[in-house]
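Engineer: I'd like to ask you about the structure that follows.
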Amino acid sequence: MPIYEFGCRSCASVTEYYTRKYEIPASVDCSSCGSTETVKLVSLTNYRFPVKHKYSDDFVEKSLPFLKSRKELKGMFETDTKESDESKAMKVSDQIGQQIDRVIHKQLKDMNR
């Protein structure tokens, strides 16, 4: 359901307008002072795109002991955070995947020259 915000020119308060339609009225009555002198505001949106990981949970679970044994990653797994080791391993595997993608992309570009 779309939510629109209108700013009141009289009292400077913001009124939220809910609608089931996608027709936006030119103005609405202010919820604070009742004035019809309102204008539609540009509102921020709040949406989070789901992250699609390159590797399965099974891969991360199997690679976790190896990742923990790597001295360059040791500090990452020894830090005391609320983030699980599996989550940290997923991030590392995604970073590795991005590096691999860059190398492959570069190699493909070079081959096409």
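Naming scheme: A, B, ... for chains in displayed order of the structure tokens; residues 1 onward per chain; ligands 1 onward as shown.
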With a distance cut-off of 12 Å and only C-alpha atoms, select the neighbouring residues of Lys88 (chain A), excluding the residue or stretch itself and same-chain residues fewer than 2 positions from it, and output the selection as a list of chain:residue names.
Structural biologist: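 In the requested format, the answer is A:Val60, A:Glu61, A:Ser63, A:Leu64, A:Leu67, A:Lys68, A:Leu73, A:Lys74, A:Gly75, A:Met76, A:Phe77, A:Glu78, A:Thr79, A:Asp80, A:Thr81, A:Lys82, A:Glu83, A:Ser84, A:Asp85, A:Glu86, A:Met90, A:Lys91, A:Val92, A:Ser93, A:Asp94, A:Gln95.
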Engineer: Filtering to C-alpha atoms, could you give me those residues as a PDB file, in the first residue's frame?
Structural biologist:
ATOM      1  CA  VAL A  60      30.931 -22.463   3.439  1.00  0.00           C
ATOM      2  CA  GLU A  61      30.485 -25.061   6.174  1.00  0.00           C
ATOM      3  CA  SER A  63      35.520 -24.474   3.912  1.00  0.00           C
ATOM      4  CA  LEU A  64      35.238 -22.932   7.396  1.00  0.00           C
ATOM      5  CA  LEU A  67      39.473 -20.361   6.210  1.00  0.00           C
ATOM      6  CA  LYS A  68      40.050 -20.281   9.982  1.00  0.00           C
ATOM      7  CA  LEU A  73      42.201 -14.392   7.956  1.00  0.00           C
ATOM      8  CA  LYS A  74      43.003 -15.349  11.555  1.00  0.00           C
ATOM      9  CA  GLY A  75      42.251 -11.862  12.914  1.00  0.00           C
ATOM     10  CA  MET A  76      38.841 -11.878  11.286  1.00  0.00           C
ATOM     11  CA  PHE A  77      37.760 -15.039  13.081  1.00  0.00           C
ATOM     12  CA  GLU A  78      39.352 -14.135  16.429  1.00  0.00           C
ATOM     13  CA  THR A  79      37.535 -10.807  16.827  1.00  0.00           C
ATOM     14  CA  ASP A  80      34.781 -10.870  19.409  1.00  0.00           C
ATOM     15  CA  THR A  81      31.673  -9.825  17.489  1.00  0.00           C
ATOM     16  CA  LYS A  82      28.104 -11.065  17.458  1.00  0.00           C
ATOM     17  CA  GLU A  83      28.599 -12.187  13.875  1.00  0.00           C
ATOM     18  CA  SER A  84      28.843 -15.963  13.502  1.00  0.00           C
ATOM     19  CA  ASP A  85      31.866 -17.674  11.989  1.00  0.00           C
ATOM     20  CA  GLU A  86      29.605 -18.953   9.209  1.00  0.00           C
ATOM     21  CA  MET A  90      30.263 -16.359   3.734  1.00  0.00           C
ATOM     22  CA  LYS A  91      31.654 -12.822   3.430  1.00  0.00           C
ATOM     23  CA  VAL A  92      35.160 -14.130   2.747  1.00  0.00           C
ATOM     24  CA  SER A  93      33.870 -16.587   0.148  1.00  0.00           C
ATOM     25  CA  ASP A  94      31.938 -13.785  -1.567  1.00  0.00           C
ATOM     26  CA  GLN A  95      35.090 -11.630  -1.631  1.00  0.00           C
TER      27      GLN A  95
END
Engineer: Please identify the helix (DSSP H, G or I) residues within chain A (assignment by DSSP from backbone atoms) and present them as a ChimeraX atom specification.
Structural biologist: /A:57-69,74-78,85-111
Engineer: Check the DSSP output for the backbone and give back, as number ranges by chain, the residues of region 1-97 of chain A in strand (DSSP E or B).
Structural biologist: A: 3-8, 14-18, 38-40
Engineer: Mind checking which residues fall within 7 Å of region 29-34 of chain A, counting only C-alpha atoms, ignoring those fewer than 4 positions away in the same chain, and posting them as a PDB file with N, CA and C atoms, in the first residue's frame?
Structural biologist:
ATOM      1  N   CYS A   8       2.755  20.499   5.572  1.00  0.00           N
ATOM      2  CA  CYS A   8       1.808  21.598   5.755  1.00  0.00           C
ATOM      3  C   CYS A   8       2.544  22.931   5.666  1.00  0.00           C
ATOM      4  N   CYS A  11       1.640  24.941   9.376  1.00  0.00           N
ATOM      5  CA  CYS A  11       2.267  24.575  10.656  1.00  0.00           C
ATOM      6  C   CYS A  11       3.545  23.752  10.500  1.00  0.00           C
ATOM      7  N   SER A  13       4.047  20.716   9.778  1.00  0.00           N
ATOM      8  CA  SER A  13       4.023  19.308  10.185  1.00  0.00           C
ATOM      9  C   SER A  13       3.870  18.415   8.939  1.00  0.00           C
ATOM     10  N   THR A  15       2.068  15.079   7.228  1.00  0.00           N
ATOM     11  CA  THR A  15       0.912  14.198   7.288  1.00  0.00           C
ATOM     12  C   THR A  15       1.139  13.026   6.339  1.00  0.00           C
ATOM     13  N   THR A  38      -1.253  21.953   1.809  1.00  0.00           N
ATOM     14  CA  THR A  38      -0.195  20.953   1.929  1.00  0.00           C
ATOM     15  C   THR A  38       0.395  20.657   0.558  1.00  0.00           C
TER      16      THR A  38
END
